[in-house]
Amino acid sequence: MKKVIIRKTEEIENWRRNINSEINFIPTMGNLHNGHIKLITTAKNDNSNVNLVSIFINPLQFDNKFDLENYPKTIENDIKISFENGADAILIPSTEDIYPTNNKNVKFLKAPIELTSALCGLNRIGHFDGVCTVVYRLLNLIKPKNLYLGEKDWQQLLILKNLVLTKKLNIAIKSIPTQRDFDGIPLSSRNVHLSKNERKLIRFFSSELLEIKKNFQQEKKINLQEIIKKLSEKKISIEYLEHLHPHTLQKARLEDNISLLAGAIRCGETRLIDHVFLMKRKPIIAIDGPAGSGKSTVTKLIAKKLKLLYLDTGAMYRSLSWLLLKENIDYKKEKNLQNFLKDISIVFKSNTNLNQDVFINNHCVTQEIRSQEISSIVSKISSIKEVRKFLVEEQRRIGETGGLVAEGRDIGTTVFPNAELKIFLTASIEERAKRRKSDKNCKDSQEIDLNTLKELIEKRDFEDSTREISPLIKANDAIEIITDKYSINEVVDKIIDLYNDKIPKETQIQ
Ligand code: PAF
């Protein structure tokens, strides 16, 4: 494809008509560094869309004339960098082009007060209004499928996500983690203004934040006043340092698993921001739903794609049922069951097929637990209070450090009520019966006729959702996905998009 530079906004429409492809859009203000390069290469590697980089120093988002006048301008080099790294087109409009005088189509927007009442919003009056105005204008002109933004400007990212949502734009926002220089400071176009001494100060600030993040994993708390005192002693001029909820930007609460520690410091004339996400444990995805909703297949694929541990709680209940049958235990007698549960060990191990095997007391039972015999008793056994209590404790133990995706029926409600993302996966009985029938791993089901399978599924749903302990119900904060009309990959991609939207990319780096 011929690489083009577009300098007039009216040329965009024509260009768009000719490309015959969706657009990835990477907005910038120029003076491109490795952070921008990462945005461009991420877009290029994500899909086969056309990549458009815009370079426009937006006067509306500068609250300081000096800052605007001194903003570094390196246009020739920016063009070279963009094309070399995967841009197919570069938009370099003039201010008059973006904000034509007397053009009623230009809407001057206001960023939402909830998201501008903290961090940079407090001191940079009008800054986020300017960002919203220019990005909305550019999105309307370019009409991209995907918008690529850096997490370095986390507050800007939240505000622009909100803009896309409230304006009902059909655009996916993809973020990349903060890119840091060799000495740990976040890459920023304004870094060129730093003197040696100023760079030393920001280095100390950034390394402090990274150290706090590391220690937080053990200590699970911070003392903001102490941190501020330590930074001030190093003569660091702090504009703000706040510990907040990463999405609402309200004060962080004790129960928040992921929180944001963000600060801005002044180095001479330059103002620099940096942040870290503090995590008590790695994120957890809870996927609940009835039998045959596609949970297992979907959960396994998500675990692989996001490099998370796969916790198949259904396999744990099935394994226990298998052993109870094998050892012929009369589980209705409480004492028998208590003695039995004392010596149970359930372990998951990856196998050579890149799947995982389940072992109960050293028996590999991956295949056997899928029989109709086990299917017919597992719901009853999993409704026994002692069994439930025992396995929920085991599951929580496995999930203590997070970093997993768990599937079951009570994950979001009972096992991990604080999971970062809760999905309730379901499908019509008809569809679920069809899936069971064609499930190659479930030989018994292939021999049962469709109507009987439907009845069995209905019976199982009834048992699961009416049992006294941990019934199958959708958690209040779970997102329901009805999978009838979607392929497995579509469901997986949807859940991964939801995950990426909730969990900063920076916390996903292993
Ligand atoms: O992050 C930036 O560089 C700017 O705020 C943006 C998104 C290009 C809007 O001018």
# chains A, B, ... in the order shown; residues from 1 in each chain; ligands from 1

$ residues_around --residues "segment 233-235 of chain A" --least-positions-apart "6" --cutoff "10 Å" --atoms "only C-alpha atoms" --output "list in words"
Leu201, Phe204, Phe205 and Ile227 of chain A

$ residues_near_ligand --ligand "ligand 1" --cutoff "7 Å" --atoms "only C-alpha atoms and all ligand atoms" --output "VMD selection string"
chain A and resid 27 to 29 56 to 58 131 134 to 135 153

$ closest_atom_pairs --of "segment 236-304 of chain A" --to "segment 505-509 of chain A" --cutoff "12 Å" --atoms "only C-alpha atoms" --output "CSV"
residue,atom,partner,partner_atom,distance
A:Pro246,CA,A:Thr507,CA,11.7
A:Asn257,CA,A:Thr507,CA,11.7
A:Ile258,CA,A:Thr507,CA,8.9
A:Ser259,CA,A:Thr507,CA,10.7
A:Leu260,CA,A:Thr507,CA,10.9
A:His275,CA,A:Glu506,CA,10.5
A:Val276,CA,A:Glu506,CA,8.4
A:Phe277,CA,A:Thr507,CA,6.9
A:Leu278,CA,A:Thr507,CA,8.6
A:Met279,CA,A:Thr507,CA,8.0
A:Lys280,CA,A:Thr507,CA,11.3
A:Arg281,CA,A:Thr507,CA,10.3
A:Lys282,CA,A:Thr507,CA,7.9
A:Pro283,CA,A:Gln508,CA,8.4
A:Ile284,CA,A:Gln508,CA,11.4

$ residues_around --residues "segment 454-470 of chain A" --least-positions-apart "4" --cutoff "10 Å" --atoms "only C-alpha atoms" --output "JSON, numbers by chain"
{"A": [289, 290, 291, 292, 375, 376, 377, 378, 379, 380, 382, 383, 384, 385, 388, 389, 409, 410, 411, 413, 414, 415, 429, 430, 431, 432, 433, 434, 436, 449, 450]}

$ residues_around --residues "Asn18 of chain A" --least-positions-apart "5" --cutoff "12 Å" --atoms "only C-alpha atoms" --output "MDAnalysis selection string"
chainID A and resid 1:2 11:13 50

$ residues_around --residues "segment 86-102 of chain A" --least-positions-apart "4" --cutoff "6 Å" --atoms "only C-alpha atoms" --output "short mmCIF file (atom, residue, chain, number, x, y, z; two decimals) with N, CA and C atoms, in the first residue's frame"
data_model
loop_
_atom_site.label_atom_id
_atom_site.label_comp_id
_atom_site.auth_asym_id
_atom_site.auth_seq_id
_atom_site.Cartn_x
_atom_site.Cartn_y
_atom_site.Cartn_z
N LYS A 3 2.21 4.67 0.99
CA LYS A 3 2.15 5.43 2.24
C LYS A 3 1.81 6.89 1.92
N VAL A 4 0.91 7.46 2.69
CA VAL A 4 0.48 8.83 2.37
C VAL A 4 0.56 9.77 3.57
N ILE A 5 0.76 11.03 3.25
CA ILE A 5 0.68 12.06 4.28
C ILE A 5 -0.54 12.91 3.95
N ILE A 6 -1.45 13.02 4.89
CA ILE A 6 -2.67 13.81 4.67
C ILE A 6 -2.53 15.11 5.45
N ARG A 7 -2.68 16.21 4.76
CA ARG A 7 -2.48 17.49 5.46
C ARG A 7 -3.78 18.29 5.63
N LYS A 8 -4.80 17.87 4.89
CA LYS A 8 -6.07 18.61 4.96
C LYS A 8 -7.15 17.66 5.44
N LYS A 44 0.10 -2.35 14.48
CA LYS A 44 0.48 -3.08 13.26
C LYS A 44 0.39 -4.60 13.49
N ASN A 51 -3.02 1.56 9.41
CA ASN A 51 -2.62 2.33 10.60
C ASN A 51 -2.43 3.80 10.27
N LEU A 52 -3.20 4.63 10.95
CA LEU A 52 -3.08 6.07 10.74
C LEU A 52 -2.55 6.75 12.01
N VAL A 53 -1.44 7.46 11.86
CA VAL A 53 -0.87 8.22 12.99
C VAL A 53 -1.21 9.69 12.75
N SER A 54 -1.72 10.37 13.78
CA SER A 54 -1.91 11.81 13.60
C SER A 54 -0.87 12.56 14.41
N ILE A 55 -0.40 13.66 13.88
CA ILE A 55 0.55 14.51 14.60
C ILE A 55 -0.06 15.90 14.64
N SER A 82 7.32 7.18 12.09
CA SER A 82 5.98 6.58 11.92
C SER A 82 5.98 5.59 10.77
#

$ atom_distance --atom1 "atom CA of Glu211 of chain A" --atom2 "atom CA of Ile265 of chain A"
17.4 Å

$ atom_distance --atom1 "atom CA of Glu334 of chain A" --atom2 "atom CA of Glu386 of chain A"
8.4 Å

$ closest_atom_pairs --of "segment 363-467 of chain A" --to "segment 479-502 of chain A" --cutoff "9 Å" --atoms "only C-alpha atoms" --output "Markdown table"
| residue | atom | partner | partner_atom | distance |
| --- | --- | --- | --- | --- |
| A:Glu420 | CA | A:Lys502 | CA | 7.5 |
| A:Leu421 | CA | A:Tyr499 | CA | 6.6 |
| A:Lys422 | CA | A:Ile479 | CA | 6.2 |
| A:Ile423 | CA | A:Ile479 | CA | 4.8 |
| A:Phe424 | CA | A:Glu480 | CA | 4.5 |
| A:Leu425 | CA | A:Ile481 | CA | 5.1 |
| A:Thr426 | CA | A:Ile482 | CA | 4.9 |
| A:Ala427 | CA | A:Ile482 | CA | 5.1 |
| A:Ser428 | CA | A:Asp484 | CA | 6.7 |
| A:Glu431 | CA | A:Asp484 | CA | 6.4 |
| A:Arg432 | CA | A:Asp484 | CA | 8.5 |

$ write_last_selection --atoms "all heavy atoms" --output "compact mmCIF listing (two decimals), in the first residue's frame"
# COMPACT_ATOMS: atom_id res chain seq x y z
N GLU A 420 -11.92 -9.68 39.83
CA GLU A 420 -11.93 -8.42 39.07
C GLU A 420 -12.95 -8.46 37.93
O GLU A 420 -13.54 -7.46 37.57
CB GLU A 420 -10.55 -8.14 38.47
CG GLU A 420 -9.56 -7.51 39.41
CD GLU A 420 -9.18 -8.39 40.56
OE1 GLU A 420 -9.17 -9.62 40.37
OE2 GLU A 420 -8.92 -7.86 41.65
N LEU A 421 -13.11 -9.64 37.33
CA LEU A 421 -14.06 -9.75 36.23
C LEU A 421 -14.92 -10.99 36.45
O LEU A 421 -14.39 -12.09 36.68
CB LEU A 421 -13.30 -9.87 34.90
CG LEU A 421 -14.16 -10.04 33.65
CD1 LEU A 421 -15.05 -8.83 33.42
CD2 LEU A 421 -13.28 -10.28 32.40
N LYS A 422 -16.24 -10.79 36.42
CA LYS A 422 -17.16 -11.92 36.60
C LYS A 422 -18.00 -12.07 35.34
O LYS A 422 -18.62 -11.10 34.90
CB LYS A 422 -18.08 -11.68 37.80
CG LYS A 422 -17.33 -11.58 39.10
CD LYS A 422 -18.29 -11.38 40.24
CE LYS A 422 -17.55 -11.06 41.52
NZ LYS A 422 -18.47 -10.78 42.61
N ILE A 423 -18.02 -13.28 34.83
CA ILE A 423 -18.79 -13.55 33.62
C ILE A 423 -19.81 -14.64 33.95
O ILE A 423 -19.47 -15.63 34.61
CB ILE A 423 -17.86 -14.06 32.48
CG1 ILE A 423 -16.75 -13.04 32.18
CG2 ILE A 423 -18.65 -14.43 31.23
CD1 ILE A 423 -17.20 -11.76 31.51
N PHE A 424 -21.03 -14.45 33.48
CA PHE A 424 -22.03 -15.51 33.59
C PHE A 424 -22.32 -15.97 32.17
O PHE A 424 -22.93 -15.25 31.37
CB PHE A 424 -23.29 -15.00 34.29
CG PHE A 424 -24.22 -16.10 34.69
CD1 PHE A 424 -23.97 -16.85 35.83
CD2 PHE A 424 -25.34 -16.40 33.93
CE1 PHE A 424 -24.83 -17.89 36.21
CE2 PHE A 424 -26.19 -17.43 34.29
CZ PHE A 424 -25.93 -18.17 35.44
N LEU A 425 -21.82 -17.18 31.87
CA LEU A 425 -21.92 -17.69 30.51
C LEU A 425 -23.12 -18.62 30.43
O LEU A 425 -23.25 -19.54 31.24
CB LEU A 425 -20.65 -18.50 30.23
CG LEU A 425 -20.06 -18.42 28.83
CD1 LEU A 425 -19.75 -16.99 28.45
CD2 LEU A 425 -18.78 -19.25 28.78
N THR A 426 -23.98 -18.41 29.45
CA THR A 426 -25.13 -19.29 29.36
C THR A 426 -25.52 -19.48 27.89
O THR A 426 -24.97 -18.86 27.00
CB THR A 426 -26.29 -18.76 30.24
OG1 THR A 426 -27.35 -19.69 30.16
CG2 THR A 426 -26.78 -17.41 29.81
N ALA A 427 -26.44 -20.41 27.66
CA ALA A 427 -26.95 -20.65 26.30
C ALA A 427 -28.30 -21.34 26.48
O ALA A 427 -28.61 -21.86 27.57
CB ALA A 427 -26.00 -21.56 25.53
N SER A 428 -29.12 -21.36 25.42
CA SER A 428 -30.44 -21.99 25.55
C SER A 428 -30.25 -23.50 25.77
O SER A 428 -29.21 -24.07 25.42
CB SER A 428 -31.24 -21.75 24.27
OG SER A 428 -30.57 -22.39 23.20
N GLU A 431 -29.50 -25.42 22.59
CA GLU A 431 -28.12 -25.27 22.12
C GLU A 431 -27.16 -26.10 22.98
O GLU A 431 -26.26 -26.76 22.47
CB GLU A 431 -27.76 -23.77 22.20
CG GLU A 431 -26.36 -23.40 21.79
CD GLU A 431 -26.06 -23.59 20.32
OE1 GLU A 431 -27.01 -23.54 19.52
OE2 GLU A 431 -24.88 -23.81 19.98
N ARG A 432 -27.40 -26.08 24.28
CA ARG A 432 -26.51 -26.82 25.17
C ARG A 432 -26.61 -28.32 24.94
O ARG A 432 -25.62 -29.05 25.00
CB ARG A 432 -26.82 -26.44 26.63
CG ARG A 432 -26.26 -25.08 26.99
CD ARG A 432 -27.05 -24.38 28.06
NE ARG A 432 -27.09 -25.13 29.29
CZ ARG A 432 -27.99 -24.97 30.25
NH1 ARG A 432 -28.96 -24.07 30.11
NH2 ARG A 432 -27.95 -25.70 31.31

$ residues_around --residues "His363 of chain A" --least-positions-apart "6" --cutoff "10 Å" --atoms "only C-alpha atoms" --output "list in words"
Ser319, Leu323, Ile346 and Val347 of chain A

$ atom_distance --atom1 "atom CA of Tyr148 of chain A" --atom2 "atom CA of Leu163 of chain A"
14.3 Å

$ closest_residue --among "A:Leu32, A:Gln338, A:Leu254, A:Glu239" --to "Cys267 of chain A" --atoms "only C-alpha atoms"
A:Glu239

$ closest_residue --among "A:Lys145, A:Lys168, A:Arg124, A:Lys220" --to "Ser21 of chain A" --atoms "only C-alpha atoms"
A:Lys145

$ closest_residue --among "A:Lys152, A:Lys230, A:Arg190, A:Lys304" --to "Ala262 of chain A" --atoms "only C-alpha atoms"
A:Lys152

$ select_by_dssp --residues "segment 105-262 of chain A" --states "helix (DSSP H, G or I)" --output "ChimeraX atom specification"
/A:113-116,120-123,127-142,151-166,189-193,196-219,224-233

$ select_by_dssp --residues "segment 98-167 of chain A" --states "strand (DSSP E)" --output "MDAnalysis selection string"
chainID A and resid 146:150

$ write_last_selection --atoms "C-alpha atoms" --output "compact mmCIF listing (two decimals), in the first residue's frame"
# COMPACT_ATOMS: atom_id res chain seq x y z
CA ASN A 146 -9.46 0.85 17.09
CA LEU A 147 -7.90 3.68 19.04
CA TYR A 148 -4.44 3.13 20.57
CA LEU A 149 -3.46 5.00 23.72
CA GLY A 150 -0.73 4.76 26.32
